[in-house]
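Shown next: input27.csv, containing CSV, C-alpha atoms.
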```
chain,number,residue,atom,x,y,z
A,1,MET,CA,108.1,-38.9,-112.0
A,2,SER,CA,108.4,-39.0,-115.8
A,3,GLY,CA,107.0,-41.8,-117.9
A,4,GLY,CA,106.3,-43.7,-114.7
A,5,TYR,CA,110.0,-44.7,-114.1
A,6,GLY,CA,111.9,-41.7,-112.8
A,7,ARG,CA,113.4,-38.5,-114.1
A,8,PHE,CA,117.1,-38.1,-114.7
A,9,VAL,CA,118.8,-34.8,-114.2
A,10,SER,CA,122.2,-34.1,-115.8
A,11,ALA,CA,124.9,-31.8,-114.5
A,12,VAL,CA,128.3,-30.6,-115.8
A,13,HIS,CA,131.1,-33.1,-115.5
A,14,MET,CA,134.7,-31.8,-115.2
A,15,GLU,CA,137.7,-33.9,-116.1
A,16,ASP,CA,140.8,-33.7,-113.9
A,17,ARG,CA,144.3,-33.7,-115.4
A,18,LEU,CA,146.7,-35.0,-112.7
A,19,PRO,CA,150.5,-34.6,-113.0
A,20,VAL,CA,152.5,-37.8,-113.1
A,21,LEU,CA,155.8,-38.0,-111.3
A,22,VAL,CA,158.3,-40.8,-111.7
A,23,ARG,CA,159.8,-42.0,-108.4
A,24,GLY,CA,163.6,-42.1,-108.5
A,25,ARG,CA,166.5,-42.2,-106.0
A,26,ASP,CA,169.1,-39.7,-105.0
A,27,SER,CA,172.8,-40.4,-105.0
A,28,ARG,CA,172.5,-41.9,-101.5
A,29,GLY,CA,169.8,-44.3,-102.6
A,30,ARG,CA,167.0,-42.6,-100.8
A,31,GLY,CA,163.6,-42.6,-102.4
A,32,GLY,CA,162.0,-39.4,-103.7
A,33,PHE,CA,160.7,-37.5,-106.7
A,34,ALA,CA,163.8,-36.4,-108.4
A,35,ARG,CA,163.6,-33.4,-110.9
A,36,LYS,CA,166.5,-31.6,-112.5
A,37,GLN,CA,167.2,-29.7,-115.7
A,38,ARG,CA,169.7,-30.5,-118.4
A,39,ARG,CA,170.3,-28.8,-121.8
A,40,GLY,CA,166.7,-27.4,-122.0
A,41,MET,CA,165.1,-30.8,-121.5
A,42,GLU,CA,163.2,-31.7,-118.4
A,43,ILE,CA,164.5,-34.8,-116.7
A,44,VAL,CA,162.4,-36.7,-114.3
A,45,ALA,CA,164.2,-39.5,-112.5
A,46,GLY,CA,166.5,-40.0,-115.4
A,47,ALA,CA,163.9,-39.6,-118.2
A,48,ILE,CA,163.9,-37.0,-121.0
A,49,THR,CA,160.2,-36.1,-121.0
A,50,HIS,CA,158.3,-35.4,-124.2
A,51,ASP,CA,154.6,-35.7,-124.8
A,52,ARG,CA,153.4,-39.2,-124.3
A,53,PRO,CA,151.9,-41.1,-127.3
A,54,SER,CA,148.2,-40.7,-127.7
A,55,ALA,CA,145.8,-43.5,-127.0
A,56,ALA,CA,145.8,-44.4,-130.7
A,57,GLU,CA,149.5,-44.5,-130.9
A,58,GLY,CA,149.9,-46.5,-127.7
A,59,ARG,CA,148.1,-49.4,-129.4
A,60,GLN,CA,148.4,-52.9,-128.0
A,61,GLY,CA,151.4,-54.9,-129.2
A,62,ARG,CA,154.7,-56.4,-128.3
A,63,PRO,CA,157.5,-54.1,-127.1
A,64,LEU,CA,160.8,-54.2,-129.1
A,65,ILE,CA,164.1,-54.7,-127.3
A,66,VAL,CA,167.3,-53.9,-129.2
A,67,THR,CA,170.5,-54.9,-127.4
A,68,GLU,CA,173.5,-57.3,-127.4
A,69,ASP,CA,174.2,-56.8,-123.7
A,70,VAL,CA,173.2,-60.1,-122.1
A,71,GLU,CA,172.9,-58.8,-118.6
A,72,LEU,CA,170.8,-55.9,-119.7
A,73,LEU,CA,168.6,-58.2,-121.8
A,74,ASP,CA,168.0,-60.4,-118.8
A,75,ASP,CA,166.8,-57.4,-116.8
A,76,LEU,CA,164.6,-56.1,-119.6
A,77,LEU,CA,163.0,-59.5,-120.1
A,78,ARG,CA,162.4,-59.7,-116.4
A,79,LEU,CA,160.7,-56.3,-116.4
A,80,CYS,CA,158.6,-57.3,-119.4
A,81,ALA,CA,157.5,-60.4,-117.6
A,82,ALA,CA,156.5,-58.4,-114.6
A,83,ALA,CA,154.4,-56.2,-116.8
A,84,GLY,CA,152.7,-59.1,-118.5
A,85,ALA,CA,154.3,-58.4,-121.9
A,86,ARG,CA,156.2,-60.7,-124.4
A,87,PRO,CA,158.8,-58.6,-126.3
A,88,GLU,CA,160.4,-59.0,-129.6
A,89,VAL,CA,164.3,-59.0,-129.3
A,90,HIS,CA,166.8,-57.9,-131.9
A,91,HIS,CA,170.5,-57.0,-131.8
A,92,GLY,CA,170.1,-54.1,-134.2
A,93,VAL,CA,167.4,-52.3,-136.2
A,94,PRO,CA,165.0,-55.1,-137.5
A,95,GLU,CA,164.5,-55.4,-141.2
A,96,ARG,CA,161.5,-53.7,-142.7
A,97,GLY,CA,158.4,-55.2,-141.1
A,98,GLY,CA,160.4,-56.4,-138.1
A,99,GLY,CA,158.8,-54.1,-135.5
A,100,TRP,CA,160.9,-50.9,-135.4
A,101,GLU,CA,158.1,-48.7,-136.8
A,102,THR,CA,155.1,-50.7,-135.5
A,103,ALA,CA,156.1,-51.7,-132.0
A,104,PRO,CA,154.3,-49.5,-129.4
A,105,LEU,CA,157.5,-49.2,-127.3
A,106,VAL,CA,161.2,-49.6,-128.3
A,107,LEU,CA,163.8,-50.3,-125.6
A,108,VAL,CA,167.3,-49.6,-127.0
A,109,GLY,CA,170.2,-50.7,-124.9
A,110,ASP,CA,172.9,-48.1,-124.6
A,111,ASP,CA,175.3,-50.6,-126.3
A,112,ALA,CA,173.1,-50.6,-129.4
A,113,ALA,CA,172.6,-46.8,-129.7
A,114,ARG,CA,175.2,-46.4,-132.5
A,115,ARG,CA,173.6,-49.3,-134.4
A,116,VAL,CA,170.2,-47.7,-134.5
A,117,ARG,CA,171.4,-44.1,-135.2
A,118,GLY,CA,170.2,-44.2,-138.8
A,119,ALA,CA,166.8,-45.7,-138.1
A,120,VAL,CA,163.6,-44.0,-138.9
A,121,ARG,CA,162.7,-41.4,-136.2
A,122,ARG,CA,159.6,-42.4,-134.2
A,123,ARG,CA,158.1,-41.8,-130.8
A,124,GLY,CA,158.1,-44.3,-128.0
A,125,VAL,CA,161.9,-45.0,-128.0
A,126,VAL,CA,163.6,-45.4,-124.6
A,127,LEU,CA,167.4,-45.5,-124.3
A,128,VAL,CA,168.3,-47.9,-121.4
A,129,GLY,CA,171.6,-47.8,-119.7
A,130,ARG,CA,173.3,-48.5,-116.3
A,131,ASP,CA,176.2,-46.0,-115.9
A,132,GLN,CA,174.9,-43.1,-113.8
A,133,ASP,CA,178.1,-41.2,-114.4
A,134,ASP,CA,178.2,-41.4,-118.2
A,135,SER,CA,177.2,-38.0,-119.5
A,136,GLY,CA,177.4,-39.1,-123.1
A,137,VAL,CA,174.2,-41.1,-122.7
A,138,TRP,CA,172.2,-37.9,-123.2
A,139,GLN,CA,173.9,-37.1,-126.5
A,140,ARG,CA,173.3,-40.7,-127.8
A,141,ALA,CA,169.6,-40.3,-126.8
A,142,VAL,CA,169.4,-37.2,-128.9
A,143,GLU,CA,171.1,-38.9,-131.8
A,144,ILE,CA,168.5,-41.7,-132.0
A,145,GLY,CA,165.5,-39.5,-131.2
A,146,ALA,CA,164.7,-41.2,-127.9
A,147,ASP,CA,161.9,-39.8,-125.8
A,148,HIS,CA,163.4,-41.0,-122.5
A,149,VAL,CA,166.7,-42.0,-121.0
A,150,LEU,CA,166.3,-44.7,-118.3
A,151,LEU,CA,169.1,-45.7,-116.0
A,152,LEU,CA,168.7,-49.1,-114.2
A,153,PRO,CA,168.0,-50.1,-111.5
A,154,ASP,CA,166.5,-46.7,-110.4
A,155,GLY,CA,163.9,-46.6,-113.2
A,156,GLU,CA,162.6,-50.1,-113.0
A,157,GLN,CA,159.2,-49.4,-111.7
A,158,TRP,CA,158.6,-46.6,-114.2
A,159,LEU,CA,159.6,-48.9,-117.0
A,160,VAL,CA,157.3,-51.7,-115.7
A,161,ASP,CA,154.4,-49.3,-115.7
A,162,ARG,CA,155.2,-48.1,-119.2
A,163,ILE,CA,155.5,-51.6,-120.6
A,164,ALA,CA,152.2,-52.6,-118.9
A,165,ASP,CA,150.5,-49.5,-120.5
A,166,VAL,CA,151.4,-50.6,-124.0
A,167,ALA,CA,150.7,-54.3,-123.3
A,168,GLU,CA,147.2,-53.5,-122.1
A,169,GLY,CA,146.5,-50.7,-124.6
A,170,VAL,CA,146.1,-47.2,-123.3
A,171,GLY,CA,142.7,-45.7,-123.7
A,172,PRO,CA,140.2,-43.5,-121.8
A,173,PRO,CA,139.7,-44.6,-118.2
A,174,ALA,CA,136.5,-46.2,-117.1
A,175,LEU,CA,133.7,-43.9,-116.0
A,176,THR,CA,133.6,-44.8,-112.3
A,177,VAL,CA,130.4,-44.3,-110.3
A,178,GLY,CA,130.0,-44.8,-106.6
A,179,VAL,CA,126.6,-45.5,-105.0
A,180,ILE,CA,126.1,-44.9,-101.3
A,181,GLY,CA,123.0,-45.1,-99.1
A,182,GLY,CA,121.9,-42.0,-97.1
A,183,ARG,CA,120.7,-44.4,-94.4
A,184,GLY,CA,120.7,-48.1,-93.9
A,185,GLY,CA,118.3,-49.9,-96.2
A,186,ALA,CA,118.2,-47.0,-98.7
A,187,GLY,CA,118.6,-49.4,-101.7
A,188,SER,CA,122.0,-48.3,-102.7
A,189,SER,CA,123.2,-51.9,-103.4
A,190,THR,CA,120.2,-52.6,-105.5
A,191,LEU,CA,120.8,-49.4,-107.6
A,192,ALA,CA,124.5,-50.2,-107.9
A,193,CYS,CA,123.7,-53.7,-109.2
A,194,ALA,CA,121.0,-52.4,-111.6
A,195,LEU,CA,123.4,-49.8,-113.0
A,196,ALA,CA,126.0,-52.4,-113.6
A,197,VAL,CA,123.6,-54.9,-115.1
A,198,THR,CA,122.2,-52.3,-117.5
A,199,SER,CA,125.7,-51.1,-118.5
A,200,ALA,CA,126.8,-54.6,-119.4
A,201,ARG,CA,123.5,-55.3,-121.3
A,202,GLU,CA,124.2,-52.2,-123.4
A,203,GLY,CA,127.5,-53.6,-124.5
A,204,ARG,CA,130.0,-51.8,-122.2
A,205,ARG,CA,132.9,-53.5,-120.4
A,206,THR,CA,131.6,-53.4,-116.8
A,207,LEU,CA,133.0,-54.1,-113.4
A,208,LEU,CA,130.9,-54.0,-110.2
A,209,VAL,CA,133.0,-53.5,-107.1
A,210,ASP,CA,131.7,-54.3,-103.6
A,211,ALA,CA,133.5,-51.9,-101.3
A,212,ASP,CA,131.5,-52.9,-98.2
A,213,PRO,CA,133.0,-55.9,-96.4
A,214,LEU,CA,130.0,-56.0,-94.0
A,215,GLY,CA,127.3,-55.8,-96.7
A,216,GLY,CA,126.9,-59.5,-97.4
A,217,GLY,CA,128.4,-59.6,-100.9
A,218,LEU,CA,127.1,-58.3,-104.1
A,219,ASP,CA,127.7,-61.7,-105.7
A,220,VAL,CA,124.8,-63.0,-103.5
A,221,LEU,CA,122.5,-60.2,-104.7
A,222,LEU,CA,123.4,-61.2,-108.3
A,223,GLY,CA,122.8,-64.9,-107.6
A,224,GLY,CA,126.4,-65.8,-108.1
A,225,GLU,CA,127.8,-66.6,-104.6
A,226,THR,CA,129.2,-69.9,-105.9
A,227,ALA,CA,130.6,-68.6,-109.1
A,228,GLU,CA,134.3,-69.3,-109.7
A,229,GLY,CA,136.7,-66.4,-109.4
A,230,LEU,CA,138.7,-64.3,-107.0
A,231,ARG,CA,137.2,-62.2,-104.2
A,232,TRP,CA,138.7,-59.2,-102.3
A,233,PRO,CA,140.8,-61.3,-99.8
A,234,ALA,CA,142.9,-62.6,-102.8
A,235,PHE,CA,144.1,-59.0,-103.4
A,236,ALA,CA,144.9,-58.1,-99.8
A,237,ALA,CA,148.7,-58.2,-100.5
A,238,SER,CA,148.6,-56.3,-103.8
A,239,ARG,CA,151.0,-53.5,-104.1
A,240,GLY,CA,152.3,-51.4,-107.0
A,241,ARG,CA,150.6,-52.1,-110.3
A,242,VAL,CA,147.9,-54.8,-110.9
A,243,GLY,CA,147.4,-55.8,-114.5
A,244,GLY,CA,144.0,-54.8,-115.8
A,245,GLY,CA,143.5,-57.7,-118.1
A,246,ALA,CA,144.6,-60.2,-115.4
A,247,LEU,CA,142.3,-58.6,-112.9
A,248,GLU,CA,139.3,-58.8,-115.2
A,249,GLU,CA,139.9,-62.5,-116.2
A,250,SER,CA,140.3,-63.5,-112.5
A,251,LEU,CA,136.9,-62.2,-111.3
A,252,PRO,CA,133.6,-64.0,-111.5
A,253,GLU,CA,131.5,-63.2,-114.5
A,254,LEU,CA,127.8,-62.8,-113.8
A,255,HIS,CA,125.2,-61.4,-116.2
A,256,ALA,CA,127.9,-60.3,-118.7
A,257,LEU,CA,129.8,-58.2,-116.1
A,258,ARG,CA,132.7,-58.9,-113.8
A,259,VAL,CA,132.2,-58.7,-110.0
A,260,LEU,CA,134.7,-58.0,-107.3
A,261,SER,CA,133.0,-59.0,-104.1
A,262,TRP,CA,133.7,-60.6,-100.7
A,263,ASP,CA,133.9,-64.2,-99.7
A,264,ARG,CA,132.1,-65.8,-96.9
A,265,GLY,CA,135.2,-66.2,-94.7
A,266,ASP,CA,136.4,-64.0,-91.9
A,267,CYS,CA,136.6,-60.3,-92.7
A,268,VAL,CA,140.0,-59.5,-94.1
A,269,ALA,CA,141.5,-56.0,-93.9
A,270,ILE,CA,142.5,-54.7,-97.3
A,271,ALA,CA,145.3,-52.3,-97.2
A,272,PRO,CA,144.7,-48.9,-98.9
A,273,GLU,CA,147.6,-49.5,-101.2
A,274,ALA,CA,145.9,-52.7,-102.5
A,275,VAL,CA,142.6,-50.9,-102.9
A,276,ARG,CA,144.3,-48.2,-104.9
A,277,ALA,CA,146.1,-50.7,-107.1
A,278,VAL,CA,143.0,-52.8,-107.8
A,279,LEU,CA,140.7,-49.9,-108.6
A,280,ALA,CA,143.3,-48.2,-110.8
A,281,ALA,CA,143.7,-51.5,-112.8
A,282,ALA,CA,139.9,-51.6,-113.2
A,283,ARG,CA,139.8,-48.0,-114.5
A,284,ARG,CA,142.6,-48.6,-117.0
A,285,ARG,CA,140.4,-51.2,-118.8
A,286,GLY,CA,137.9,-48.6,-119.8
A,287,GLY,CA,134.1,-49.0,-119.9
A,288,THR,CA,132.3,-48.5,-116.6
A,289,VAL,CA,133.1,-49.3,-113.0
A,290,VAL,CA,130.3,-49.2,-110.5
A,291,VAL,CA,131.2,-49.2,-106.8
A,292,ASP,CA,128.8,-50.0,-103.9
A,293,LEU,CA,130.1,-47.9,-101.0
A,294,PRO,CA,129.7,-48.4,-97.3
A,295,ARG,CA,128.3,-45.6,-95.1
A,296,ARG,CA,131.6,-44.9,-93.4
A,297,ILE,CA,135.1,-43.7,-94.4
A,298,ASP,CA,138.3,-45.5,-93.6
A,299,GLU,CA,141.6,-45.3,-95.5
A,300,GLY,CA,140.5,-48.0,-98.0
A,301,VAL,CA,137.2,-46.2,-98.8
A,302,ALA,CA,139.0,-42.9,-99.1
A,303,GLU,CA,141.2,-44.5,-101.8
A,304,VAL,CA,138.0,-45.5,-103.7
A,305,LEU,CA,136.4,-42.1,-103.3
A,306,ALA,CA,139.5,-40.5,-104.7
A,307,GLN,CA,139.1,-42.4,-108.0
A,308,LEU,CA,135.4,-41.8,-108.5
A,309,ASP,CA,134.1,-39.6,-111.2
A,310,LEU,CA,130.7,-39.3,-109.6
A,311,GLY,CA,128.9,-40.3,-106.4
A,312,LEU,CA,125.2,-41.1,-106.1
A,313,LEU,CA,123.7,-40.7,-102.6
A,314,VAL,CA,120.5,-42.7,-102.5
A,315,VAL,CA,118.0,-41.0,-100.1
A,316,PRO,CA,114.5,-42.2,-99.3
A,317,ALA,CA,112.1,-39.3,-99.3
A,318,GLU,CA,111.5,-39.1,-95.5
A,319,LEU,CA,112.8,-36.6,-93.0
A,320,ARG,CA,114.8,-39.0,-90.9
A,321,ALA,CA,116.5,-40.3,-94.0
A,322,VAL,CA,117.3,-36.8,-95.1
A,323,ALA,CA,118.8,-36.0,-91.7
A,324,ALA,CA,121.0,-39.2,-91.8
A,325,ALA,CA,122.0,-38.5,-95.4
A,326,GLY,CA,123.2,-35.0,-94.4
A,327,ARG,CA,125.7,-36.5,-92.1
A,328,VAL,CA,126.9,-39.0,-94.7
A,329,ALA,CA,127.2,-36.2,-97.3
A,330,SER,CA,129.2,-34.0,-95.0
A,331,VAL,CA,131.8,-36.8,-94.6
A,332,ILE,CA,131.8,-38.1,-98.1
A,333,GLY,CA,131.9,-34.6,-99.6
A,334,MET,CA,135.3,-34.0,-98.0
A,335,VAL,CA,136.9,-36.5,-100.4
A,336,LEU,CA,134.5,-36.8,-103.3
A,337,ARG,CA,134.2,-33.7,-105.4
A,338,ASP,CA,131.0,-34.6,-107.4
A,339,LEU,CA,128.3,-36.0,-105.1
A,340,ARG,CA,124.6,-36.0,-106.2
A,341,VAL,CA,121.4,-37.1,-104.6
A,342,ALA,CA,119.2,-39.8,-106.1
A,343,VAL,CA,115.8,-39.6,-104.3
A,344,ARG,CA,113.7,-42.7,-103.8
A,345,GLY,CA,110.0,-42.7,-103.1
A,346,PRO,CA,107.4,-42.9,-101.8
A,347,TYR,CA,107.4,-39.3,-100.7
A,348,ALA,CA,106.6,-38.1,-97.2
A,349,PRO,CA,104.1,-35.3,-97.0
A,350,GLY,CA,105.7,-32.0,-98.0
A,351,LEU,CA,108.7,-33.6,-99.7
A,352,ASP,CA,109.6,-34.0,-103.3
A,353,ASP,CA,112.9,-34.7,-105.1
A,354,LYS,CA,113.8,-31.1,-105.5
A,355,GLU,CA,113.1,-30.4,-101.8
A,356,VAL,CA,115.3,-33.3,-100.7
A,357,ALA,CA,118.1,-32.1,-102.9
A,358,ARG,CA,117.7,-28.5,-101.5
A,359,LEU,CA,117.8,-29.7,-97.9
A,360,LEU,CA,121.0,-31.6,-98.6
A,361,GLY,CA,122.6,-28.9,-100.6
A,362,LEU,CA,123.4,-31.3,-103.4
A,363,PRO,CA,122.7,-31.5,-107.2
A,364,LEU,CA,119.7,-33.7,-108.0
A,365,ALA,CA,120.7,-36.8,-110.1
A,366,GLY,CA,117.1,-38.0,-110.5
A,367,GLU,CA,114.3,-40.0,-109.0
A,368,VAL,CA,115.0,-43.7,-108.4
A,369,PRO,CA,111.8,-45.6,-109.2
A,370,VAL,CA,110.2,-48.2,-107.0
A,371,GLU,CA,109.9,-51.5,-108.8
A,372,ALA,CA,107.1,-53.5,-107.2
A,373,GLY,CA,108.0,-56.9,-108.5
A,374,LEU,CA,111.7,-56.7,-107.8
A,375,PRO,CA,111.8,-58.8,-104.6
A,376,VAL,CA,109.9,-61.7,-106.2
A,377,ALA,CA,112.2,-61.5,-109.3
A,378,GLN,CA,115.3,-61.6,-107.1
A,379,GLU,CA,114.0,-64.8,-105.4
A,380,ARG,CA,113.8,-66.3,-108.8
A,381,GLY,CA,117.4,-65.4,-109.5
A,382,ALA,CA,116.9,-62.3,-111.6
A,383,PRO,CA,119.3,-59.4,-110.6
A,384,PRO,CA,118.1,-55.8,-110.2
A,385,GLY,CA,117.7,-54.2,-113.6
A,386,ALA,CA,117.2,-57.5,-115.4
A,387,ASP,CA,113.7,-56.6,-116.6
A,388,THR,CA,114.4,-54.3,-119.6
A,389,ARG,CA,110.9,-53.0,-119.5
A,390,GLY,CA,110.9,-52.3,-115.7
A,391,PRO,CA,111.2,-48.8,-114.3
A,392,LEU,CA,114.6,-49.4,-112.7
A,393,ALA,CA,116.2,-50.6,-115.9
A,394,ARG,CA,114.8,-47.7,-117.8
A,395,PHE,CA,116.1,-45.3,-115.2
A,396,CYS,CA,119.6,-46.8,-115.4
A,397,SER,CA,119.5,-46.7,-119.2
A,398,ALA,CA,118.7,-43.0,-119.0
A,399,PHE,CA,121.6,-42.5,-116.7
A,400,TRP,CA,124.1,-44.2,-119.0
A,401,GLU,CA,122.6,-42.4,-122.1
A,402,ARG,CA,123.3,-39.1,-120.4
A,403,ALA,CA,126.8,-40.3,-119.6
A,404,ALA,CA,127.5,-41.1,-123.2
A,405,VAL,CA,126.1,-37.8,-124.5
A,406,ALA,CA,128.3,-36.0,-122.0
A,407,GLY,CA,131.3,-37.8,-123.3
A,408,GLY,CA,131.9,-39.8,-120.1
A,409,GLY,CA,130.5,-37.4,-117.6
A,410,VAL,CA,126.9,-37.2,-116.5
```

How would this structure read if it were set down as structure tokens?
Amino acid sequence: MSGGYGRFVSAVHMEDRLPVLVRGRDSRGRGGFARKQRRGMEIVAGAITHDRPSAAEGRQGRPLIVTEDVELLDDLLRLCAAAGARPEVHHGVPERGGGWETAPLVLVGDDAARRVRGAVRRRGVVLVGRDQDDSGVWQRAVEIGADHVLLLPDGEQWLVDRIADVAEGVGPPALTVGVIGGRGGAGSSTLACALAVTSAREGRRTLLVDADPLGGGLDVLLGGETAEGLRWPAFAASRGRVGGGALEESLPELHALRVLSWDRGDCVAIAPEAVRAVLAAARRRGGTVVVDLPRRIDEGVAEVLAQLDLGLLVVPAELRAVAAAGRVASVIGMVLRDLRVAVRGPYAPGLDDKEVARLLGLPLAGEVPVEAGLPVAQERGAPPGADTRGPLARFCSAFWERAAVAGGGV
């Protein structure tokens, strides 16, 4: 123990760069990931791909639509509405200050390509058409400096995602940490709540996710079981893309953080696709996401594990707990790349934090302190980590400080 509240151990964090494929359809209407080559430019499902704008360039704002085609305009307005964006519409290049240079995304109808040919070259221009057999669309795209050619209706989902990106503002994804108990009663839910409460108190946008439908609800642990807002069953039918801002605003706000928990009704199965969509939306908002994980893996939990940056396995320092944690780690480790052990005292004879980590074959994240007055404080409505001078809050502050120094990793 260091300073009476626990010792934090850092490790190297590695970022993953995942390829993005745009789903298209072949000439027979079958789904697939289409890829072909034309005139030295890579085309993915009808898009000329250049480097995407950086986070700074993809600033929040209203997309600009340039077209006189009424039917095309109706489609583009519908897709903007689906992405939660309110566009600016013009028949040609707007006058100076009208959005051509400042809009985060410009959608040019193929009918308007010749009218915008002399406009200032910029990134983020998409030429939108319908005629799959019109080879001239590629030449017109080059003439206006378009980054992409999009042919409807095949590219609708790609375009919705792109519009949603600029509507929400694209920035670094949230640092996402999962907490799981090495055995029942290890204190993983308490640590997850304390990490989230501390993160929010330090000014980060924070979301706490309860991934265990049989755990009783983290909103109860935070004293907010009656708070207004949506719970997991409301997202059971979610598919595709969930808006990050809409998700955040819909959830209960407790202790300056948002909480996605379970209601007190019958247990509802959440499809893996819904879990993936909701957690991806949470990560796009940036800040931190803390997930309280169950001690089992199903398809939904596997979706959560795939999006974690780091997992903390909370293990009481006793031999039976270490044995149980070994079984949990062997299963979790098949999906989660970065799993570390957080050891909680008191220690059994012959054990210390390093020995527990050695027995499990995992990196040591640190010693989780025991806070004697925590049960009484929770009965009074104070969540774990609320006492800024308490050992648990100081341990969590050290955790997030290391994360900040490591640039998002810990």

- [ ] Identify which of the residues A:Ala377, A:Val259, A:Leu207, A:Ala386 lies closest to Ala227 in chain A, counting only C-alpha atoms when measuring atom-to-atom distances.
- [x] A:Val259

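With all atoms listed in the file as the basis for measurement, A:Arg114 is the residue among A:Arg114, A:Arg258, A:Ala382, A:Leu151 that approaches Gln139 in chain A most closely.
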
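Compared by their closest atoms to Leu293 in chain A, and using only C-alpha atoms, the residues A:Gly92, A:Gly326, A:Gly385, A:Gly311 rank with A:Gly311 nearest.
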
TODO: Work out how far apart CA of Gly240 in chain A and CA of Ala82 in chain A are and give it in Å to one decimal.
DONE: 11.2 Å

TODO: Around the point (146.2, -53.4, -119.2), in the coordinates given by the file, pick out the residues reaching within 7 Å, counting only C-alpha atoms, and return them as a PyMOL selection string.
DONE: chain A and resi 164-165+167-169+243-245+284-285

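Put simply, CA of Tyr347 in chain A is 6.6 Å away from CA of Glu318 in chain A.
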
Select from range 273-319 of chain A every residue with an atom at most 12 Å from any atom of range 350-357 of chain A, then for each give the shortest pair of atoms and their distance in Å to one decimal, using only C-alpha atoms, rows by chain and rising number, as CSV.
```
residue,atom,partner,partner_atom,distance
A:Leu312,CA,A:Ala357,CA,11.9
A:Leu313,CA,A:Ala357,CA,10.3
A:Val314,CA,A:Ala357,CA,10.9
A:Val315,CA,A:Val356,CA,8.2
A:Pro316,CA,A:Val356,CA,9.0
A:Ala317,CA,A:Leu351,CA,6.6
A:Glu318,CA,A:Leu351,CA,7.5
A:Leu319,CA,A:Leu351,CA,8.4
```

- [ ] Find the residue from A:Gly136, A:Gly129, A:Gly361, A:Pro375 that sits nearest to Asp110 in chain A; use all atoms listed in the file when measuring.
- [x] A:Gly129

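If you look at CA of His255 in chain A and CA of Arg389 in chain A, they are 16.9 Å away from each other.
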
Open item on the list: Counting all atoms listed in the file, which residue out of A:Cys193, A:Val160, A:Leu364, A:Ala246 sits closest to Gly223 in chain A?
Closed with: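 Selected residue with least distance to Gly223 in chain A: A:Cys193.
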
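Nearest residue to Leu260 in chain A among A:Pro213, A:Gly390, A:Gly203, A:Pro94 is A:Pro213, counting only C-alpha atoms.
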
Task: Selection near Gly229 in chain A, 10 Å with only C-alpha atoms, sequence-local residues under 4 positions removed, as a VMD selection string - done: chain A and resid 234 248 to 253 258 to 261

Task: Contact residues around Glu225 in chain A with only C-alpha atoms at 10 Å, ignoring same-chain residues under 5 positions, as a PyMOL selection string - done: chain A and resi 217-220+252+254+261-264

Take the residues that were just selected and, keeping C-alpha atoms, output them as a compact mmCIF listing (two decimals), in the frame of the given file.
```
# COMPACT_ATOMS: atom_id res chain seq x y z
CA GLY A 217 128.40 -59.60 -100.90
CA LEU A 218 127.10 -58.30 -104.10
CA ASP A 219 127.70 -61.70 -105.70
CA VAL A 220 124.80 -63.00 -103.50
CA PRO A 252 133.60 -64.00 -111.50
CA LEU A 254 127.80 -62.80 -113.80
CA SER A 261 133.00 -59.00 -104.10
CA TRP A 262 133.70 -60.60 -100.70
CA ASP A 263 133.90 -64.20 -99.70
CA ARG A 264 132.10 -65.80 -96.90
```

Any chance you could turn range 130-139 of chain A into a file with N, CA and C atoms, as a JSON list (two decimals), in the first residue's frame?
```json
[["chain", "number", "residue", "atom", "x", "y", "z"],
["A", 130, "ARG", "N", -27.69, 8.96, -59.08],
["A", 130, "ARG", "CA", -28.54, 7.77, -59.07],
["A", 130, "ARG", "C", -28.22, 6.79, -60.19],
["A", 131, "ASP", "N", -27.68, 7.29, -61.28],
["A", 131, "ASP", "CA", -27.50, 6.48, -62.48],
["A", 131, "ASP", "C", -26.27, 5.60, -62.33],
["A", 132, "GLN", "N", -26.48, 4.31, -62.09],
["A", 132, "GLN", "CA", -25.37, 3.38, -61.91],
["A", 132, "GLN", "C", -24.56, 3.18, -63.18],
["A", 133, "ASP", "N", -25.15, 3.48, -64.33],
["A", 133, "ASP", "CA", -24.48, 3.22, -65.61],
["A", 133, "ASP", "C", -23.83, 4.46, -66.21],
["A", 134, "ASP", "N", -23.89, 5.60, -65.52],
["A", 134, "ASP", "CA", -23.34, 6.85, -66.04],
["A", 134, "ASP", "C", -21.86, 6.93, -65.67],
["A", 135, "SER", "N", -20.98, 6.58, -66.60],
["A", 135, "SER", "CA", -19.55, 6.62, -66.33],
["A", 135, "SER", "C", -19.03, 8.06, -66.22],
["A", 136, "GLY", "N", -19.77, 9.02, -66.72],
["A", 136, "GLY", "CA", -19.33, 10.41, -66.67],
["A", 136, "GLY", "C", -19.33, 10.99, -65.27],
["A", 137, "VAL", "N", -20.00, 10.33, -64.34],
["A", 137, "VAL", "CA", -20.07, 10.86, -62.98],
["A", 137, "VAL", "C", -18.69, 10.95, -62.36],
["A", 138, "TRP", "N", -17.79, 10.06, -62.73],
["A", 138, "TRP", "CA", -16.44, 10.08, -62.17],
["A", 138, "TRP", "C", -15.65, 11.28, -62.66],
["A", 139, "GLN", "N", -15.82, 11.62, -63.92],
["A", 139, "GLN", "CA", -15.16, 12.81, -64.45],
["A", 139, "GLN", "C", -15.68, 14.07, -63.79]]
```
